[in-house]
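The file work-v1.cif contains mmCIF, C-alpha atoms:
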```cif
data_entry
#
loop_
_atom_site.label_atom_id
_atom_site.label_comp_id
_atom_site.auth_asym_id
_atom_site.auth_seq_id
_atom_site.Cartn_x
_atom_site.Cartn_y
_atom_site.Cartn_z
CA MET E 1 9.15 -30.55 9.17
CA ASP E 2 10.13 -28.91 12.43
CA VAL E 3 8.29 -25.58 12.59
CA THR E 4 10.61 -24.15 15.20
CA ILE E 5 13.69 -24.18 12.97
CA ILE E 6 15.03 -20.68 12.51
CA GLN E 7 18.18 -19.30 10.89
CA THR E 8 20.22 -16.64 12.67
CA LYS E 9 20.97 -14.56 9.56
CA VAL E 10 17.34 -14.59 8.46
CA VAL E 11 16.22 -13.42 11.89
CA TRP E 12 18.66 -10.50 11.81
CA VAL E 13 17.50 -9.60 8.31
CA ILE E 14 13.86 -9.68 9.43
CA LEU E 15 14.52 -7.57 12.54
CA GLY E 16 16.48 -5.01 10.50
CA MET E 17 13.80 -4.91 7.82
CA GLY E 18 11.13 -4.44 10.48
CA LEU E 19 12.97 -1.52 12.03
CA VAL E 20 13.75 0.37 8.81
CA THR E 21 10.17 -0.16 7.63
CA TYR E 22 8.49 0.91 10.87
CA VAL E 23 10.44 4.11 11.54
CA PRO E 24 9.41 5.95 8.32
CA ARG E 25 5.80 4.91 9.00
CA TRP E 26 5.93 6.11 12.59
CA PHE E 27 8.01 9.28 12.51
CA PRO E 28 5.66 11.62 10.60
CA LEU E 29 2.58 10.41 12.46
CA ILE E 30 4.14 11.29 15.80
CA PHE E 31 5.84 14.54 14.86
CA LEU E 32 3.65 16.06 12.16
CA SER E 33 0.30 15.42 13.84
CA ARG E 34 1.41 17.43 16.92
CA SER E 35 2.32 20.66 15.22
CA ASN E 36 0.30 23.12 13.20
CA LEU E 37 1.55 22.47 9.72
CA PRO E 38 2.02 25.44 7.39
CA GLN E 39 -0.71 25.65 4.75
CA TRP E 40 1.65 25.00 1.84
CA LEU E 41 2.72 21.71 3.43
CA VAL E 42 -0.89 20.64 3.99
CA ASP E 43 -1.63 21.46 0.33
CA TRP E 44 1.47 19.57 -0.78
CA LEU E 45 0.62 16.51 1.31
CA ASP E 46 -2.91 16.59 -0.10
CA LEU E 47 -1.46 15.99 -3.59
CA ILE E 48 0.80 13.15 -2.44
CA PRO E 49 -1.76 10.29 -2.55
CA ALA E 50 -2.66 10.92 -6.20
CA ALA E 51 1.05 11.24 -7.00
CA ILE E 52 2.12 8.05 -5.21
CA LEU E 53 -0.70 5.91 -6.56
CA SER E 54 0.02 7.05 -10.09
CA ALA E 55 3.78 6.53 -9.62
CA LEU E 56 3.11 3.00 -8.36
CA LEU E 57 0.60 2.17 -11.07
CA VAL E 58 1.75 3.59 -14.41
CA PRO E 59 5.20 1.91 -14.57
CA GLU E 60 3.48 -1.41 -13.77
CA LEU E 61 1.27 -0.94 -16.83
CA ILE E 62 3.78 0.09 -19.49
CA THR E 63 7.17 -1.20 -18.39
CA LYS E 64 8.52 -4.59 -17.43
CA GLY E 65 11.68 -6.51 -16.66
CA SER E 66 14.80 -5.71 -14.70
CA PRO E 67 16.30 -3.38 -15.79
CA ARG E 68 12.99 -1.94 -16.82
CA HIS E 69 12.10 -1.29 -20.41
CA MET E 70 8.99 -0.01 -22.16
CA SER E 71 6.41 -2.65 -23.01
CA LEU E 72 3.14 -1.40 -24.45
CA TRP E 73 2.02 -4.77 -25.82
CA GLN E 74 1.22 -6.41 -22.54
CA PRO E 75 -2.13 -7.39 -21.00
CA GLU E 76 -1.30 -5.26 -17.92
CA LEU E 77 -1.94 -2.16 -20.03
CA TRP E 78 -4.90 -3.34 -22.10
CA VAL E 79 -6.80 -4.75 -19.14
CA ALA E 80 -6.30 -1.43 -17.35
CA PHE E 81 -8.69 0.42 -19.69
CA PRO E 82 -11.88 -1.57 -19.00
CA THR E 83 -10.86 -1.85 -15.33
CA PHE E 84 -10.45 1.93 -15.18
CA ILE E 85 -13.88 2.50 -16.73
CA PHE E 86 -15.47 0.00 -14.37
CA ALA E 87 -13.86 1.70 -11.36
CA LEU E 88 -14.91 5.13 -12.60
CA LYS E 89 -18.54 4.03 -13.06
CA THR E 90 -18.98 1.92 -9.92
CA LYS E 91 -16.46 3.42 -7.45
CA SER E 92 -16.32 -0.07 -5.99
CA LEU E 93 -12.89 -1.15 -4.81
CA GLY E 94 -13.76 -4.81 -4.31
CA GLY E 95 -15.64 -5.00 -7.60
CA THR E 96 -12.74 -3.39 -9.45
CA VAL E 97 -10.27 -5.90 -8.00
CA LEU E 98 -12.50 -8.82 -9.05
CA ILE E 99 -13.14 -7.43 -12.55
CA GLY E 100 -9.46 -6.62 -13.04
CA MET E 101 -8.39 -10.11 -11.99
CA ALA E 102 -11.03 -11.78 -14.19
CA LEU E 103 -10.11 -9.70 -17.25
CA PHE E 104 -6.40 -10.27 -16.71
CA TRP E 105 -6.93 -13.99 -16.35
CA LEU E 106 -8.98 -13.96 -19.55
CA ALA E 107 -6.34 -11.90 -21.38
CA GLN E 108 -3.58 -14.25 -20.28
CA SER E 109 -5.42 -17.37 -21.41
CA VAL E 110 -6.25 -15.78 -24.78
CA ILE E 111 -2.65 -14.75 -25.46
CA MET F 112 -27.86 7.10 33.47
CA SER F 113 -24.63 5.26 32.89
CA GLU F 114 -26.33 2.32 31.25
CA PRO F 115 -27.44 4.01 27.99
CA VAL F 116 -24.02 5.62 27.58
CA TYR F 117 -22.40 2.27 27.94
CA ALA F 118 -24.86 0.74 25.48
CA SER F 119 -24.23 3.42 22.88
CA LYS F 120 -20.48 3.07 23.28
CA LYS F 121 -20.82 -0.62 22.76
CA ARG F 122 -22.89 -0.06 19.64
CA ASP F 123 -20.34 2.45 18.37
CA PHE F 124 -17.63 -0.09 18.87
CA LYS F 125 -19.55 -2.65 16.86
CA THR F 126 -20.27 -0.09 14.13
CA PHE F 127 -16.59 0.86 13.95
CA ILE F 128 -15.60 -2.76 13.56
CA LEU F 129 -18.17 -3.37 10.83
CA GLN F 130 -17.29 -0.18 8.94
CA GLY F 131 -13.61 -1.03 9.18
CA LEU F 132 -14.18 -4.57 7.94
CA TRP F 133 -16.32 -3.31 5.08
CA ALA F 134 -13.55 -0.92 4.02
CA ALA F 135 -10.89 -3.60 4.43
CA TRP F 136 -12.32 -6.52 2.48
CA PRO F 137 -11.11 -5.38 -0.94
CA ILE F 138 -7.62 -5.01 0.52
CA CYS F 139 -7.81 -8.54 1.91
CA LEU F 140 -8.97 -9.78 -1.47
CA GLY F 141 -5.80 -8.34 -2.95
CA TYR F 142 -3.52 -9.45 -0.13
CA ILE F 143 -4.58 -13.09 0.16
CA PRO F 144 -3.33 -14.30 -3.25
CA ILE F 145 -0.21 -12.16 -2.99
CA GLY F 146 0.45 -13.31 0.57
CA ILE F 147 0.15 -16.90 -0.58
CA ALA F 148 2.49 -16.19 -3.49
CA PHE F 149 4.95 -14.61 -1.08
CA GLY F 150 4.79 -17.66 1.21
CA VAL F 151 5.47 -19.96 -1.72
CA LEU F 152 8.48 -17.96 -2.90
CA ALA F 153 9.84 -17.59 0.62
CA GLN F 154 9.57 -21.31 1.19
CA LYS F 155 11.32 -21.99 -2.12
CA ALA F 156 14.04 -19.53 -1.08
CA GLY F 157 14.69 -21.65 2.00
CA LEU F 158 12.75 -19.80 4.70
CA TYR F 159 11.04 -21.82 7.39
CA PRO F 160 7.36 -21.27 8.20
CA ILE F 161 8.17 -19.48 11.44
CA GLU F 162 10.49 -17.11 9.58
CA ILE F 163 7.85 -16.42 6.95
CA MET F 164 5.38 -15.61 9.70
CA LEU F 165 7.90 -13.44 11.53
CA MET F 166 8.71 -11.47 8.40
CA SER F 167 5.06 -10.86 7.55
CA ILE F 168 4.36 -9.74 11.12
CA LEU F 169 7.43 -7.55 11.66
CA VAL F 170 7.80 -6.04 8.19
CA PHE F 171 4.26 -6.08 6.70
CA ALA F 172 5.29 -4.52 3.40
CA GLY F 173 4.65 -6.78 0.43
CA SER F 174 7.01 -5.68 -2.30
CA SER F 175 10.01 -5.34 0.03
CA GLN F 176 9.35 -8.85 1.36
CA PHE F 177 9.40 -10.28 -2.15
CA ILE F 178 12.64 -8.44 -2.87
CA ALA F 179 14.22 -9.56 0.42
CA VAL F 180 13.37 -13.18 -0.24
CA SER F 181 14.84 -13.12 -3.72
CA MET F 182 17.96 -11.39 -2.37
CA LEU F 183 18.26 -14.00 0.37
CA SER F 184 18.07 -16.84 -2.11
CA ALA F 185 20.71 -15.08 -4.23
CA GLY F 186 22.96 -15.02 -1.19
CA ALA F 187 22.93 -11.26 -0.56
CA GLY F 188 24.26 -9.88 2.72
CA ALA F 189 22.01 -8.81 5.58
CA VAL F 190 23.03 -5.15 5.39
CA SER F 191 22.31 -4.81 1.68
CA ILE F 192 18.90 -6.47 2.10
CA ILE F 193 18.02 -4.14 4.97
CA MET F 194 19.18 -1.06 3.05
CA THR F 195 17.17 -2.10 0.01
CA THR F 196 14.12 -2.57 2.23
CA PHE F 197 14.62 0.92 3.63
CA ALA F 198 14.77 2.40 0.13
CA VAL F 199 11.73 0.46 -1.09
CA ASN F 200 9.63 1.36 1.97
CA LEU F 201 10.67 4.99 2.38
CA ARG F 202 7.56 5.99 0.43
CA HIS F 203 5.55 5.26 3.59
CA LEU F 204 7.15 8.40 5.02
CA LEU F 205 5.07 10.43 2.59
CA MET F 206 1.93 8.43 3.29
CA SER F 207 2.22 8.80 7.06
CA SER F 208 2.86 12.52 6.61
CA SER F 209 -0.28 12.77 4.53
CA LEU F 210 -2.30 10.89 7.15
CA ALA F 211 -0.85 12.94 10.03
CA VAL F 212 -2.81 15.95 8.76
CA PHE F 213 -6.02 14.28 9.96
CA LEU F 214 -4.71 12.95 13.24
CA GLY F 215 -3.99 15.86 15.54
CA ASN F 216 -4.73 15.41 19.26
CA THR F 217 -4.39 11.65 19.13
CA PRO F 218 -2.58 9.67 21.84
CA ARG F 219 0.94 8.70 20.80
CA LYS F 220 0.41 5.05 21.68
CA LYS F 221 -2.53 4.81 19.31
CA LEU F 222 -0.57 6.57 16.57
CA SER F 223 2.34 4.19 17.08
CA LEU F 224 -0.02 1.25 16.65
CA PHE F 225 -1.59 2.85 13.59
CA ALA F 226 1.86 3.49 12.06
CA TYR F 227 2.51 -0.25 12.00
CA GLY F 228 -0.28 -0.83 9.51
CA VAL F 229 0.40 1.95 7.00
CA THR F 230 0.69 0.24 3.61
CA ASP F 231 0.03 1.53 0.08
CA GLU F 232 -3.46 0.06 0.19
CA SER F 233 -4.56 0.82 3.75
CA PHE F 234 -3.18 4.33 3.34
CA ALA F 235 -5.26 4.99 0.24
CA VAL F 236 -8.43 3.48 1.69
CA ASN F 237 -8.11 5.37 4.98
CA HIS F 238 -6.98 8.64 3.40
CA THR F 239 -10.01 8.72 1.10
CA ARG F 240 -12.35 8.28 4.07
CA PHE F 241 -10.52 10.74 6.33
CA ASN F 242 -10.85 13.21 3.50
CA GLN F 243 -14.61 12.65 3.31
CA LYS F 244 -14.71 13.31 7.07
CA ILE F 245 -16.48 9.99 7.67
CA TRP F 246 -13.55 8.28 9.35
CA SER F 247 -11.84 8.11 12.72
CA LEU F 248 -8.64 6.48 13.87
CA ASP F 249 -10.61 3.56 15.34
CA GLN F 250 -12.06 2.54 12.00
CA ALA F 251 -8.69 3.10 10.37
CA LEU F 252 -7.09 0.78 12.91
CA VAL F 253 -9.63 -1.92 12.09
CA VAL F 254 -8.74 -1.55 8.40
CA ASN F 255 -5.00 -1.79 9.10
CA HIS F 256 -5.20 -4.80 11.36
CA THR F 257 -7.71 -6.71 9.25
CA ALA F 258 -5.40 -6.27 6.28
CA ASN F 259 -2.47 -7.29 8.47
CA ILE F 260 -4.17 -10.51 9.58
CA ALA F 261 -5.03 -11.36 5.96
CA TRP F 262 -1.40 -10.77 4.97
CA VAL F 263 0.15 -12.79 7.79
CA VAL F 264 -2.26 -15.71 7.57
CA SER F 265 -2.08 -15.98 3.78
CA SER F 266 1.72 -15.88 3.75
CA ILE F 267 1.81 -18.72 6.28
CA ILE F 268 -0.66 -20.70 4.16
CA GLY F 269 1.59 -20.08 1.16
CA GLY F 270 4.60 -21.25 3.12
CA TYR F 271 2.93 -24.57 3.85
CA SER F 272 0.68 -25.45 0.94
CA GLY F 273 1.10 -22.82 -1.73
CA ARG F 274 3.33 -24.97 -3.89
CA PHE F 275 0.12 -26.55 -5.18
CA ILE F 276 -1.21 -23.24 -6.40
CA HIS F 277 -0.20 -21.80 -9.74
CA GLN F 278 0.49 -18.11 -9.42
CA GLU F 279 -0.94 -17.30 -12.82
CA ALA F 280 -4.36 -18.73 -12.02
CA PHE F 281 -7.37 -16.43 -11.49
CA GLY F 282 -5.43 -13.33 -12.56
CA ILE F 283 -4.03 -12.89 -9.06
CA ASP F 284 -1.01 -11.08 -10.46
CA TYR F 285 -3.38 -8.25 -11.32
CA ALA F 286 -5.15 -7.87 -7.96
CA LEU F 287 -3.01 -5.03 -6.65
CA THR F 288 -2.81 -3.28 -10.03
CA ALA F 289 -6.62 -3.22 -10.25
CA MET F 290 -6.75 -1.97 -6.67
CA PHE F 291 -4.35 0.88 -7.47
CA ILE F 292 -6.48 1.86 -10.48
CA CYS F 293 -9.56 2.27 -8.31
CA LEU F 294 -7.70 3.91 -5.42
CA LEU F 295 -6.21 6.41 -7.85
CA ILE F 296 -9.66 7.28 -9.17
CA PHE F 297 -10.78 7.99 -5.59
CA GLN F 298 -7.96 10.51 -5.34
CA LEU F 299 -8.76 12.38 -8.57
CA LYS F 300 -10.97 14.98 -6.91
CA GLY F 301 -10.27 17.86 -9.30
CA ARG F 302 -8.06 19.05 -12.11
CA PHE F 303 -5.00 19.67 -9.93
CA TYR F 304 -5.12 16.08 -8.70
CA ILE F 305 -5.44 14.83 -12.27
CA ILE F 306 -2.46 16.95 -13.37
CA THR F 307 -0.48 15.61 -10.38
CA ALA F 308 -1.30 12.03 -11.33
CA ILE F 309 -0.28 12.59 -14.95
CA ILE F 310 3.03 14.22 -14.03
CA ALA F 311 3.74 11.53 -11.43
CA GLY F 312 2.89 8.72 -13.85
CA VAL F 313 5.00 10.06 -16.71
CA SER F 314 7.98 10.95 -14.52
CA ALA F 315 7.76 7.59 -12.69
CA VAL F 316 7.97 5.77 -16.01
CA ILE F 317 10.93 7.83 -17.17
CA LEU F 318 12.76 7.51 -13.85
CA SER F 319 12.04 3.79 -13.57
CA LEU F 320 13.73 3.31 -16.95
CA ILE F 321 16.79 5.30 -15.89
CA ILE F 322 17.36 4.45 -12.22
CA PRO F 323 17.52 0.85 -11.03
CA GLY F 324 15.47 -0.07 -7.97
CA SER F 325 12.26 1.51 -6.79
CA SER F 326 13.36 5.00 -5.76
CA TYR F 327 11.46 6.30 -8.78
CA ILE F 328 8.21 6.05 -6.77
CA ILE F 329 9.21 8.55 -4.13
CA LEU F 330 11.15 10.81 -6.54
CA ALA F 331 8.30 11.02 -9.04
CA SER F 332 5.75 11.64 -6.27
CA ILE F 333 7.74 14.49 -4.74
CA PHE F 334 8.43 15.98 -8.16
CA ALA F 335 4.76 15.86 -9.22
CA ALA F 336 3.33 17.25 -5.98
CA THR F 337 5.92 20.03 -5.85
CA THR F 338 5.39 20.99 -9.49
CA VAL F 339 1.63 21.14 -9.18
CA LEU F 340 1.80 23.08 -5.92
CA GLY F 341 4.06 25.55 -7.75
CA ILE F 342 1.60 25.82 -10.64
CA LYS F 343 -1.28 26.30 -8.20
CA LYS F 344 0.50 29.06 -6.28
CA TRP F 345 1.50 30.79 -9.51
CA MET F 346 -2.05 30.63 -10.93
CA LEU F 347 -3.66 31.93 -7.74
CA ARG F 348 -1.23 34.78 -7.36
#
```
Final structure tokens representation of the file:
Amino acid sequence: MDVTIIQTKVVWVILGMGLVTYVPRWFPLIFLSRSNLPQWLVDWLDLIPAAILSALLVPELITKGSPRHMSLWQPELWVAFPTFIFALKTKSLGGTVLIGMALFWLAQSVI
Amino acid sequence: MSEPVYASKKRDFKTFILQGLWAAWPICLGYIPIGIAFGVLAQKAGLYPIEIMLMSILVFAGSSQFIAVSMLSAGAGAVSIIMTTFAVNLRHLLMSSSLAVFLGNTPRKKLSLFAYGVTDESFAVNHTRFNQKIWSLDQALVVNHTANIAWVVSSIIGGYSGRFIHQEAFGIDYALTAMFICLLIFQLKGRFYIITAIIAGVSAVILSLIIPGSSYIILASIFAATTVLGIKKWMLR
């Protein structure tokens, strides 16, 4: 296989994707870090991490498919409980990832 | 007198690297299987190794790359793929805003480099440490770029050899979910954060069932943070 093969459309897609992904990452860092932010905005931004992580996580646990529908009987949800407890007790990110993967693998092979 | 200063700077540099690597390894653990999976899918969708590498380097945003590849193989147009990517990755706007709070008086060039590596995972890992006041931009940069290397290299590996690896093995589908569980716990520093997480989780589920796509993430986050800030202001009045 020739590794230098490249398709024009794909390259344009990648360049466009790169641009629209980078700008939202870059803009606030440049413009918000320079100014003294009002206290309410600092307080608001302080809540954003918890909000985003929960908004990313919870639908993954209890919904599936496209279009999405509720799905409570899936290993994603059940494995989350012991993983949550492990994370709470150990506060270890790496350990939690390993435990979560192992439990999910186990759950999938049991089902 | 310049010698000891130099020596201590050198030691600092080494410490920064080691601290950054230590913070980054769980992210890499999550990225490697997913990067490989991405490489496999991209290759099946007809992308060449150099394109897979280019996408992982220039975009560096996992879920949008998966979506783009599936749209490409379905024959979608360039503009619609790029617009979808924008929508999926707009959440980084909030993350960078949240990180900007800690990064006043930093050279723009360094911030521009740092911006490149803001992902869901690096954001959460760095934000937690900035919050504990044990972190500087240098360590954060090590985290971002270590994760970036893991992502790029693993997606290339997937592009070449991943077809031999079953995606369901070793529970790799759950790596990022488990990571989010732990990262969320790091953020639950008091009752207002817990209330925020609950509101965000519930509203994200409801919105994800109603609206197609992934705009529910940003909508639910804004809704939850705004609501809780309102509650907080009202209670402290």
Inset, instruction - Could you please select, counting only C-alpha atoms, the residues of chain F within 6 Å of chain E and state them as number ranges by chain? - result: F: 137, 166, 169-170, 189, 193, 197, 200, 203-204, 207-209, 211-212, 214-215, 226, 281-283, 285-286, 289-290, 293, 295, 298, 307-308, 311-312, 315-316, 320, 328, 332, 336
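Note that atom CA of F:Ser233 and atom CA of F:Ile138 are 7.3 Å apart.
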Inset, instruction - Name the residues that the PyMOL selection byres ((chain F and resi 146-157) around 8) pulls out of this structure, and write them as a ChimeraX atom specification. - result: /F:142-145,158-160,163,173,176-177,180-181,183-184,261-274,278
Next, write the just-selected residues to a file, as a compact mmCIF listing (two decimals), keeping the file's coordinate frame, keeping C-alpha atoms as the atom set.
```txt
# COMPACT_ATOMS: atom_id res chain seq x y z
CA TYR F 142 -3.52 -9.45 -0.13
CA ILE F 143 -4.58 -13.09 0.16
CA PRO F 144 -3.33 -14.30 -3.25
CA ILE F 145 -0.21 -12.16 -2.99
CA LEU F 158 12.75 -19.80 4.70
CA TYR F 159 11.04 -21.82 7.39
CA PRO F 160 7.36 -21.27 8.20
CA ILE F 163 7.85 -16.42 6.95
CA GLY F 173 4.65 -6.78 0.43
CA GLN F 176 9.35 -8.85 1.36
CA PHE F 177 9.40 -10.28 -2.15
CA VAL F 180 13.37 -13.18 -0.24
CA SER F 181 14.84 -13.12 -3.72
CA LEU F 183 18.26 -14.00 0.37
CA SER F 184 18.07 -16.84 -2.11
CA ALA F 261 -5.03 -11.36 5.96
CA TRP F 262 -1.40 -10.77 4.97
CA VAL F 263 0.15 -12.79 7.79
CA VAL F 264 -2.26 -15.71 7.57
CA SER F 265 -2.08 -15.98 3.78
CA SER F 266 1.72 -15.88 3.75
CA ILE F 267 1.81 -18.72 6.28
CA ILE F 268 -0.66 -20.70 4.16
CA GLY F 269 1.59 -20.08 1.16
CA GLY F 270 4.60 -21.25 3.12
CA TYR F 271 2.93 -24.57 3.85
CA SER F 272 0.68 -25.45 0.94
CA GLY F 273 1.10 -22.82 -1.73
CA ARG F 274 3.33 -24.97 -3.89
CA GLN F 278 0.49 -18.11 -9.42
```
Inset, instruction - Record the distance separating atom CA of F:Ile342 and atom CA of E:Gln39, expressed in Å with one decimal. - result: 15.6 Å
Inset, instruction - Go ahead and compute the interatomic distance for atom CA of E:Thr8 and atom CA of F:Phe225, in Å to one decimal. - result: 29.3 Å
Legend entry - Pick from F:Ser223, F:Phe303, F:Pro323, F:Ile296, whichever lies nearest to E:Lys89 using all atoms listed in the file: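 Of F:Ser223, F:Phe303, F:Pro323, F:Ile296, the one nearest E:Lys89 is F:Ile296, counting all atoms listed in the file.
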Please write the residues picked by the PyMOL selection byres ((chain F and resi 253) around 8) on this file as a compact mmCIF listing (two decimals) with C-alpha atoms, in the frame of the given file.
```txt
# COMPACT_ATOMS: atom_id res chain seq x y z
CA PHE F 127 -16.59 0.86 13.95
CA ILE F 128 -15.60 -2.76 13.56
CA GLY F 131 -13.61 -1.03 9.18
CA LEU F 132 -14.18 -4.57 7.94
CA ALA F 135 -10.89 -3.60 4.43
CA ASP F 249 -10.61 3.56 15.34
CA GLN F 250 -12.06 2.54 12.00
CA ALA F 251 -8.69 3.10 10.37
CA LEU F 252 -7.09 0.78 12.91
CA VAL F 254 -8.74 -1.55 8.40
CA ASN F 255 -5.00 -1.79 9.10
CA HIS F 256 -5.20 -4.80 11.36
CA THR F 257 -7.71 -6.71 9.25
```
Legend entry - Hits of the PyMOL selection byres ((chain F and resi 324) around 9) in this structure, as a list in words: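 Expected selection for the PyMOL selection byres ((chain F and resi 324) around 9) here is Ser66 and Pro67 of chain E; Thr195, Ala198, Val199, Ser319, Ile322, Pro323, Ser325, Ser326 and Tyr327 of chain F.
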Requested file, stretch 132-153 of chain F restricted to N, CA and C atoms, as a short mmCIF file (atom, residue, chain, number, x, y, z; two decimals), in the first residue's frame:
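File written: result.cif
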```
data_model
loop_
_atom_site.label_atom_id
_atom_site.label_comp_id
_atom_site.auth_asym_id
_atom_site.auth_seq_id
_atom_site.Cartn_x
_atom_site.Cartn_y
_atom_site.Cartn_z
N LEU F 132 3.34 13.67 33.03
CA LEU F 132 3.18 12.29 32.55
C LEU F 132 2.33 11.48 33.52
N TRP F 133 2.57 11.71 34.82
CA TRP F 133 1.82 10.96 35.83
C TRP F 133 0.33 11.29 35.73
N ALA F 134 0.03 12.57 35.48
CA ALA F 134 -1.38 12.97 35.35
C ALA F 134 -1.98 12.47 34.04
N ALA F 135 -1.13 12.26 33.04
CA ALA F 135 -1.64 11.94 31.70
C ALA F 135 -1.86 10.46 31.45
N TRP F 136 -1.20 9.60 32.23
CA TRP F 136 -1.26 8.18 31.85
C TRP F 136 -2.67 7.59 31.84
N PRO F 137 -3.53 7.96 32.79
CA PRO F 137 -4.89 7.40 32.67
C PRO F 137 -5.59 7.85 31.38
N ILE F 138 -5.30 9.08 30.95
CA ILE F 138 -5.91 9.55 29.70
C ILE F 138 -5.42 8.69 28.54
N CYS F 139 -4.11 8.44 28.54
CA CYS F 139 -3.53 7.61 27.47
C CYS F 139 -4.15 6.22 27.46
N LEU F 140 -4.33 5.69 28.67
CA LEU F 140 -4.95 4.37 28.80
C LEU F 140 -6.33 4.35 28.13
N GLY F 141 -7.05 5.44 28.27
CA GLY F 141 -8.36 5.52 27.62
C GLY F 141 -8.25 5.79 26.13
N TYR F 142 -7.26 6.58 25.74
CA TYR F 142 -7.16 6.98 24.33
C TYR F 142 -6.64 5.86 23.42
N ILE F 143 -5.71 5.05 23.95
CA ILE F 143 -5.06 4.07 23.07
C ILE F 143 -6.07 3.11 22.43
N PRO F 144 -6.92 2.43 23.24
CA PRO F 144 -7.89 1.54 22.57
C PRO F 144 -8.85 2.29 21.66
N ILE F 145 -9.24 3.48 22.06
CA ILE F 145 -10.21 4.22 21.25
C ILE F 145 -9.56 4.76 19.99
N GLY F 146 -8.29 5.17 20.12
CA GLY F 146 -7.54 5.60 18.94
C GLY F 146 -7.39 4.47 17.94
N ILE F 147 -7.08 3.28 18.47
CA ILE F 147 -6.96 2.12 17.59
C ILE F 147 -8.30 1.84 16.91
N ALA F 148 -9.37 1.87 17.71
CA ALA F 148 -10.70 1.64 17.14
C ALA F 148 -11.01 2.66 16.05
N PHE F 149 -10.63 3.91 16.31
CA PHE F 149 -10.86 4.96 15.30
C PHE F 149 -10.08 4.65 14.02
N GLY F 150 -8.81 4.25 14.18
CA GLY F 150 -7.99 3.92 13.01
C GLY F 150 -8.61 2.81 12.19
N VAL F 151 -9.12 1.79 12.88
CA VAL F 151 -9.76 0.67 12.20
C VAL F 151 -10.96 1.15 11.38
N LEU F 152 -11.83 1.90 12.04
CA LEU F 152 -13.04 2.38 11.36
C LEU F 152 -12.69 3.29 10.19
N ALA F 153 -11.71 4.16 10.41
CA ALA F 153 -11.32 5.10 9.35
C ALA F 153 -10.78 4.35 8.14
#
```
